[in-house]
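As provided, structure13.txt (compact mmCIF, C-alpha atoms) reads as follows.
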# COMPACT_ATOMS: atom_id res chain seq x y z
CA MET A 1 28.40 27.95 17.04
CA LYS A 2 30.73 25.19 15.85
CA PHE A 3 33.80 27.38 16.39
CA ILE A 4 32.64 28.31 19.91
CA LEU A 5 32.05 24.65 20.81
CA ILE A 6 35.50 23.61 19.54
CA LEU A 7 37.00 26.49 21.53
CA LEU A 8 35.03 25.48 24.63
CA LEU A 9 35.99 21.83 24.26
CA GLY A 10 39.63 22.84 23.94
CA THR A 11 39.47 25.17 26.93
CA ILE A 12 37.75 22.63 29.13
CA SER A 13 40.20 19.87 28.27
CA CYS A 14 43.18 22.16 29.00
CA HIS A 15 41.87 23.36 32.34
CA SER A 16 40.49 20.17 33.76
CA GLN A 17 42.96 17.55 32.64
CA ASN A 18 40.86 16.09 29.81
CA THR A 19 37.57 16.06 31.70
CA THR A 20 34.64 15.82 29.34
CA GLN A 21 31.24 17.00 30.56
CA LEU A 22 28.70 17.50 27.81
CA VAL A 23 24.95 17.65 27.38
CA ILE A 24 23.48 16.94 23.95
CA ARG A 25 19.78 17.62 23.46
CA TYR A 26 17.75 15.46 21.07
CA GLY A 27 14.28 15.96 19.61
CA VAL A 28 12.15 13.22 18.06
CA GLU A 29 10.28 13.12 14.78
CA SER A 30 8.20 10.30 13.34
CA LYS A 31 8.25 10.45 9.54
CA ILE A 32 5.25 8.37 8.56
CA ASN A 33 4.36 7.89 4.91
CA TYR A 34 0.62 7.40 5.19
CA GLU A 35 0.43 6.08 1.61
CA GLU A 36 2.65 3.14 2.57
CA LEU A 37 0.52 2.05 5.51
CA ASP A 38 -1.21 -1.32 5.39
CA GLU A 39 -4.68 -1.14 3.75
CA LYS A 40 -6.30 -2.54 6.92
CA ILE A 41 -4.71 0.25 8.97
CA LYS A 42 -5.45 2.99 6.41
CA SER A 43 -9.12 2.07 6.19
CA ASN A 44 -9.65 2.26 9.96
CA PRO A 45 -10.34 5.90 10.98
CA THR A 46 -9.85 5.17 14.70
CA GLN A 47 -6.49 3.57 14.00
CA LEU A 48 -5.43 6.63 11.98
CA VAL A 49 -6.38 8.89 14.89
CA TYR A 50 -4.09 6.85 17.18
CA ILE A 51 -1.24 7.00 14.65
CA LYS A 52 -1.52 10.80 14.34
CA LYS A 53 -1.73 11.14 18.11
CA LEU A 54 1.37 9.00 18.68
CA GLN A 55 3.24 10.94 15.99
CA LYS A 56 2.47 14.18 17.89
CA ASP A 57 3.35 12.55 21.23
CA TYR A 58 6.82 11.66 19.92
CA GLU A 59 7.38 15.22 18.71
CA LYS A 60 6.77 16.62 22.21
CA LEU A 61 9.69 14.66 23.66
CA GLU A 62 13.12 15.98 24.52
CA TYR A 63 15.99 13.74 25.54
CA HIS A 64 19.42 14.51 26.96
CA LEU A 65 22.58 12.56 26.30
CA LYS A 66 24.98 13.34 29.13
CA ILE A 67 28.62 12.47 28.72
CA GLU A 68 31.09 12.43 31.59
CA ASN A 69 34.51 11.25 30.53
CA LYS A 70 34.09 7.63 29.38
CA ALA A 71 30.45 7.09 30.34
CA SER A 72 27.12 8.35 29.01
CA GLU A 73 23.49 8.42 30.02
CA PHE A 74 20.47 9.05 27.78
CA ASN A 75 17.05 9.83 29.16
CA LEU A 76 13.82 11.75 28.64
CA VAL A 77 13.86 15.18 30.26
CA ASN A 78 10.48 16.78 29.61
CA LYS A 79 7.81 14.99 31.57
CA LEU A 80 4.73 15.70 29.43
CA TYR A 81 2.74 12.66 30.53
CA SER A 82 -0.46 14.38 29.50
CA ILE A 83 -1.11 16.79 26.61
CA ASP A 84 -4.45 18.68 26.55
CA GLY A 85 -5.87 16.08 28.91
CA ASN A 86 -4.79 13.16 26.70
CA PRO A 87 -2.14 10.77 27.96
CA ASN A 88 1.23 10.81 26.18
CA TYR A 89 1.89 7.08 26.16
CA VAL A 90 5.44 7.49 24.85
CA ALA A 91 6.42 9.83 27.70
CA MET A 92 4.69 7.53 30.21
CA ALA A 93 6.48 4.46 28.85
CA GLU A 94 9.82 6.28 28.93
CA LYS A 95 9.33 7.51 32.51
CA GLY A 96 12.38 6.55 34.53
CA VAL A 97 14.09 4.87 31.57
CA ARG A 98 17.85 5.41 31.45
CA TYR A 99 20.36 4.13 28.92
CA TYR A 100 23.83 3.97 30.51
CA VAL A 101 26.96 3.15 28.51
CA ASP A 102 30.57 2.86 29.64
CA GLU A 103 33.63 1.12 28.21
CA LYS A 104 32.60 -2.30 29.48
CA GLU A 105 28.84 -2.51 29.66
CA THR A 106 25.54 -0.99 28.66
CA ILE A 107 22.62 -0.88 31.10
CA GLU A 108 19.04 -0.01 30.22
CA GLN A 109 17.05 0.74 33.35
CA ARG A 110 13.28 0.46 32.82
CA GLU A 111 10.06 -0.72 34.38
CA VAL A 112 8.34 -3.60 32.61
CA PHE A 113 5.67 -5.99 33.89
CA GLY A 114 5.37 -3.80 36.98
CA GLU A 115 8.98 -4.40 37.97
CA GLU A 116 12.15 -2.35 37.55
CA TYR A 117 14.86 -4.04 35.49
CA LEU A 118 18.51 -3.42 34.73
CA ILE A 119 18.95 -4.83 31.24
CA VAL A 120 22.65 -5.51 30.97
CA ASP A 121 24.78 -6.14 27.91
CA ARG A 122 28.46 -5.79 27.02
CA SER A 123 29.56 -2.61 25.26
CA ASN A 124 30.60 -2.28 21.62
CA ASN A 125 28.58 -5.17 20.26
CA PHE A 126 26.88 -3.23 17.47
CA ASP A 127 28.03 -4.54 14.13
CA TRP A 128 27.99 -1.17 12.32
CA THR A 129 28.52 -0.77 8.60
CA ILE A 130 29.96 2.66 7.89
CA THR A 131 28.90 4.15 4.56
CA THR A 132 30.13 7.11 2.53
CA ASP A 133 26.74 8.90 2.80
CA GLN A 134 27.19 12.33 4.34
CA LYS A 135 25.05 15.15 5.68
CA SER A 136 25.46 18.09 8.00
CA ILE A 137 23.88 18.22 11.47
CA LEU A 138 24.43 21.31 13.66
CA GLY A 139 27.17 22.31 11.24
CA TYR A 140 29.11 19.06 11.66
CA LYS A 141 29.86 16.74 8.77
CA CYS A 142 28.24 13.42 9.63
CA PHE A 143 28.64 9.99 8.06
CA LYS A 144 25.96 7.33 8.00
CA ALA A 145 26.45 3.96 9.67
CA THR A 146 23.84 1.22 9.60
CA TYR A 147 23.02 -1.66 11.88
CA GLN A 148 20.35 -4.30 11.51
CA LYS A 149 19.00 -6.74 14.06
CA GLU A 150 15.84 -8.84 13.98
CA GLY A 151 14.00 -6.68 11.48
CA VAL A 152 15.00 -3.36 13.06
CA VAL A 153 17.11 -1.11 10.85
CA ILE A 154 19.14 1.62 12.53
CA ASP A 155 20.76 4.47 10.62
CA ALA A 156 23.20 6.43 12.79
CA TRP A 157 24.72 9.72 11.64
CA PHE A 158 27.98 10.36 13.49
CA ALA A 159 30.41 13.28 13.51
CA PRO A 160 34.10 12.26 13.45
CA GLU A 161 34.95 15.85 14.50
CA LEU A 162 33.38 15.13 17.91
CA PRO A 163 35.54 12.36 19.38
CA PHE A 164 32.97 10.76 21.69
CA ASN A 165 31.69 7.31 20.78
CA PHE A 166 28.24 7.68 22.36
CA GLY A 167 24.75 8.34 21.04
CA PRO A 168 21.02 8.27 21.77
CA LYS A 169 19.17 5.21 23.09
CA GLY A 170 22.34 3.38 24.05
CA TYR A 171 23.66 3.25 20.48
CA HIS A 172 27.42 3.70 20.54
CA GLY A 173 30.72 2.41 19.24
CA LEU A 174 31.19 4.67 16.22
CA PRO A 175 34.26 6.90 15.66
CA GLY A 176 32.40 10.10 16.56
CA LEU A 177 29.38 11.36 18.44
CA ILE A 178 26.07 10.11 17.00
CA LEU A 179 24.00 13.21 16.24
CA GLU A 180 21.06 11.35 14.73
CA VAL A 181 19.57 7.89 14.99
CA VAL A 182 16.79 6.88 12.60
CA GLN A 183 14.86 3.76 13.44
CA ASN A 184 13.23 1.79 10.60
CA SER A 185 13.61 4.85 8.31
CA LYS A 186 10.88 6.60 10.29
CA LEU A 187 11.62 7.47 13.90
CA ALA A 188 14.42 10.04 14.10
CA TYR A 189 16.23 11.21 17.25
CA THR A 190 18.15 14.31 16.15
CA ALA A 191 20.55 16.50 18.13
CA SER A 192 19.45 20.10 18.53
CA SER A 193 22.29 21.44 20.70
CA ILE A 194 25.61 20.51 22.27
CA ASP A 195 26.80 22.24 25.43
CA ASN A 196 29.52 21.94 27.99
CA ASP A 197 28.12 21.56 31.49
CA SER A 198 30.39 21.23 34.51
CA ASP A 199 27.45 19.87 36.55
CA VAL A 200 27.13 16.74 34.42
CA LEU A 201 27.49 13.60 36.47
CA VAL A 202 26.90 10.15 34.98
CA LEU A 203 26.20 7.46 37.54
CA LYS A 204 25.79 3.77 36.84
CA PRO A 205 22.20 2.68 37.55
CA THR A 206 21.96 0.20 40.38
CA THR A 207 18.26 -0.06 41.23
CA GLY A 208 16.40 -2.92 39.61
CA LYS A 209 16.48 -6.62 38.93
CA GLU A 210 19.45 -7.50 36.75
CA ILE A 211 18.64 -9.34 33.54
CA SER A 212 20.69 -9.96 30.39
CA ARG A 213 19.47 -8.30 27.19
CA LYS A 214 19.02 -11.73 25.66
CA ASP A 215 16.73 -12.88 28.50
CA TYR A 216 14.82 -9.58 28.51
CA GLU A 217 14.20 -9.78 24.76
CA SER A 218 13.11 -13.37 25.11
CA ARG A 219 10.56 -12.40 27.80
CA ILE A 220 9.23 -9.50 25.74
CA SER A 221 9.05 -11.70 22.63
CA GLU A 222 6.93 -14.27 24.47
CA ALA A 223 4.60 -11.57 25.80
CA THR A 224 4.36 -9.88 22.38
CA LYS A 225 3.52 -13.23 20.79
CA ALA A 226 0.72 -13.81 23.32
CA PHE A 227 -0.59 -10.29 22.65
CA LYS A 228 -0.49 -10.78 18.86
CA ASP A 229 -2.08 -14.23 19.08
CA TYR A 230 -4.93 -12.69 21.07
CA ASN A 231 -5.40 -9.96 18.48
CA LYS A 232 -5.70 -12.56 15.71
CA ASN A 233 -8.69 -14.14 17.48
CA MET B 1 -13.39 -14.81 24.56
CA LYS B 2 -13.00 -13.66 28.18
CA LYS B 3 -10.32 -16.29 28.75
CA LEU B 4 -8.42 -14.82 25.81
CA ILE B 5 -8.70 -11.32 27.29
CA LEU B 6 -7.06 -12.62 30.43
CA VAL B 7 -4.25 -14.21 28.44
CA GLY B 8 -3.70 -10.95 26.54
CA ALA B 9 -3.90 -8.83 29.68
CA LEU B 10 -1.42 -11.08 31.44
CA ALA B 11 0.91 -10.66 28.48
CA LEU B 12 0.53 -6.89 28.66
CA GLY B 13 0.98 -6.12 32.28
CA LEU B 14 0.24 -9.03 34.58
CA MET B 15 -3.20 -7.56 35.26
CA SER B 16 -5.94 -9.58 36.88
CA PHE B 17 -9.69 -9.02 36.90
CA ASN B 18 -11.84 -9.74 39.91
CA SER B 19 -15.28 -9.26 38.42
CA ALA B 20 -17.21 -9.42 35.14
CA GLN B 21 -17.40 -5.60 35.14
CA GLU B 22 -13.64 -5.32 35.48
CA LEU B 23 -13.29 -7.83 32.69
CA ASP B 24 -15.44 -5.66 30.39
CA VAL B 25 -13.16 -2.71 31.15
CA GLY B 26 -10.28 -5.01 30.23
CA VAL B 27 -11.90 -5.76 26.86
CA ASN B 28 -12.18 -2.01 26.07
CA CYS B 29 -8.66 -1.29 27.24
CA PHE B 30 -7.32 -4.17 25.23
CA GLY B 31 -8.77 -2.46 22.15
CA VAL B 32 -6.90 0.74 23.10
CA ALA B 33 -3.68 -1.25 23.59
CA ASN B 34 -4.12 -2.80 20.14
CA PHE B 35 -4.57 0.60 18.47
CA VAL B 36 -1.48 1.92 20.28
CA TYR B 37 0.59 -1.14 19.27
CA ASN B 38 -0.28 -0.71 15.57
CA ALA B 39 0.29 3.06 15.79
CA ALA B 40 3.72 2.56 17.36
CA ILE B 41 4.79 0.15 14.62
CA ALA B 42 3.54 2.61 11.96
CA ALA B 43 5.52 5.40 13.70
CA GLY B 44 8.78 3.42 13.48
CA ALA B 45 8.96 1.84 16.95
CA THR B 46 10.48 -1.62 17.31
CA GLU B 47 8.23 -4.53 18.27
CA TYR B 48 9.62 -4.40 21.83
CA GLU B 49 8.94 -0.67 22.10
CA ALA B 50 5.47 -1.06 20.60
CA PHE B 51 4.70 -3.76 23.14
CA VAL B 52 5.88 -1.59 26.06
CA LEU B 53 3.81 1.34 24.72
CA SER B 54 0.68 -0.78 24.35
CA SER B 55 1.22 -2.18 27.85
CA THR B 56 1.47 1.40 29.20
CA ALA B 57 -1.72 2.37 27.34
CA PHE B 58 -3.52 -0.69 28.68
CA ASN B 59 -2.53 -0.02 32.30
CA ASP B 60 -3.39 3.69 32.01
CA CYS B 61 -6.79 2.82 30.53
CA ILE B 62 -7.52 0.35 33.34
CA ALA B 63 -6.44 2.86 36.00
CA ASN B 64 -8.72 5.55 34.54
CA GLN B 65 -11.78 3.35 34.28
CA ASN B 66 -11.62 1.75 37.70

Represent the structure of the file as structure tokens.
Amino acid sequence: MKFILILLLGTISCHSQNTTQLVIRYGVESKINYEELDEKIKSNPTQLVYIKKLQKDYEKLEYHLKIENKASEFNLVNKLYSIDGNPNYVAMAEKGVRYYVDEKETIEQREVFGEEYLIVDRSNNFDWTITTDQKSILGYKCFKATYQKEGVVIDAWFAPELPFNFGPKGYHGLPGLILEVVQNSKLAYTASSIDNDSDVLVLKPTTGKEISRKDYESRISEATKAFKDYNKN
Amino acid sequence: MKKLILVGALALGLMSFNSAQELDVGVNCFGVANFVYNAAIAAGATEYEAFVLSSTAFNDCIANQN
């Protein structure tokens, strides 16, 4: 598998003057340790039902990371908005969401507050710490890099053998393709296949109201605070 | 209490309620949104993602009950 991919990558680059067109598929797994849950959460049977449901909802998702030369796009591909008559809130929330990355900027296109936004930021602003931890994903030796921001811990496993500095959910800027991203030690986006695809086309999203990531996060923070304050009452 | 529901609903999805009946639906759906928010945090989502998920659940609940 690995040998074939290296051969394919080599062939493609020779025949098309270094054109890169790849599709990497990612599955999602939520690794919840139920023992570690807050007592208030653990003792609420309805809450536990929702947690188990959401865990299953995540596992039904499949994402594609498309790479065309020096740009990438990451988005949900299977549209399972409803499973056995129950809504899949994760799939619904991710409907139409695209993470675009090129050399200069990153753009997250998503609908929030009933409006479509283009959340814009400059590229390569992740302050990664590369560790010596290693593991194998799809036969590739991967190294762990970590990044922390406002209480969110990201572990990214990247493969230096694959010289593309992209990854899932807009994470990028490491010396190799990110084959796994683990959020808060629980939510893992893991690559399941890597294929060449000459039909891959990555276009910069243009539809939506442009907003900086800082302003977007500030708006969401305010709304989250109002939501939490309500829940306290 | 109902004023607080409106504040919370506005935070979630800029929803508005035109009648007392709609407001009661909002109360129920707010409960759903709260369960989804806590579940998302337990599953490893960020606060922003959990908020977007709970907002989606709230709007879906409202749409199904109206």

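One finds CA of Lys228 (chain A) at 22.6 Å from CA of Arg110 (chain A).
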
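All of the residues in chain A within 6 Å of chain B are Ser30, Ile32, Gln47, Tyr50, Ile51, Ala93, Phe113, Asn184, Lys186, Leu187, Ala223, Phe227 and Tyr230 of chain A, where only C-alpha atoms were counted.
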
(request) Show which residues sit within 12 Å of region 147-161 of chain A, as a VMD selection string. Count only C-alpha atoms, and ignore same-chain residues fewer than 5 positions away. (result) (chain A and resid 2 to 3 5 to 6 9 125 to 142 166 to 191 217 221) or (chain B and resid 41 44 to 49)

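The interatomic distance for the pair CA of Val97 (chain A) and CA of Tyr117 (chain A) works out to 9.8 Å.
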
(request) Mind giving me the straight-line distance from CA of Pro163 (chain A) to CA of Asn78 (chain A) in Å, one decimal? (result) 27.4 Å

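Excluding Tyr58 (chain A) itself and any same-chain residue fewer than 5 positions from it, the protein and nucleic acid residues within 9 Å of it, counting all atoms listed in the file, are Gly27, Val28, Glu29, Ser30, Lys53, Asn88, Val90, Ala91 and Leu187 of chain A; Ala43 of chain B.
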
(request) Would you list the contacts of Val77 (chain A) as a count of residues only, taking every protein, DNA or RNA residue within 8 Å and counting only C-alpha atoms, but skipping same-chain residues closer than 4 positions in sequence? (result) 4
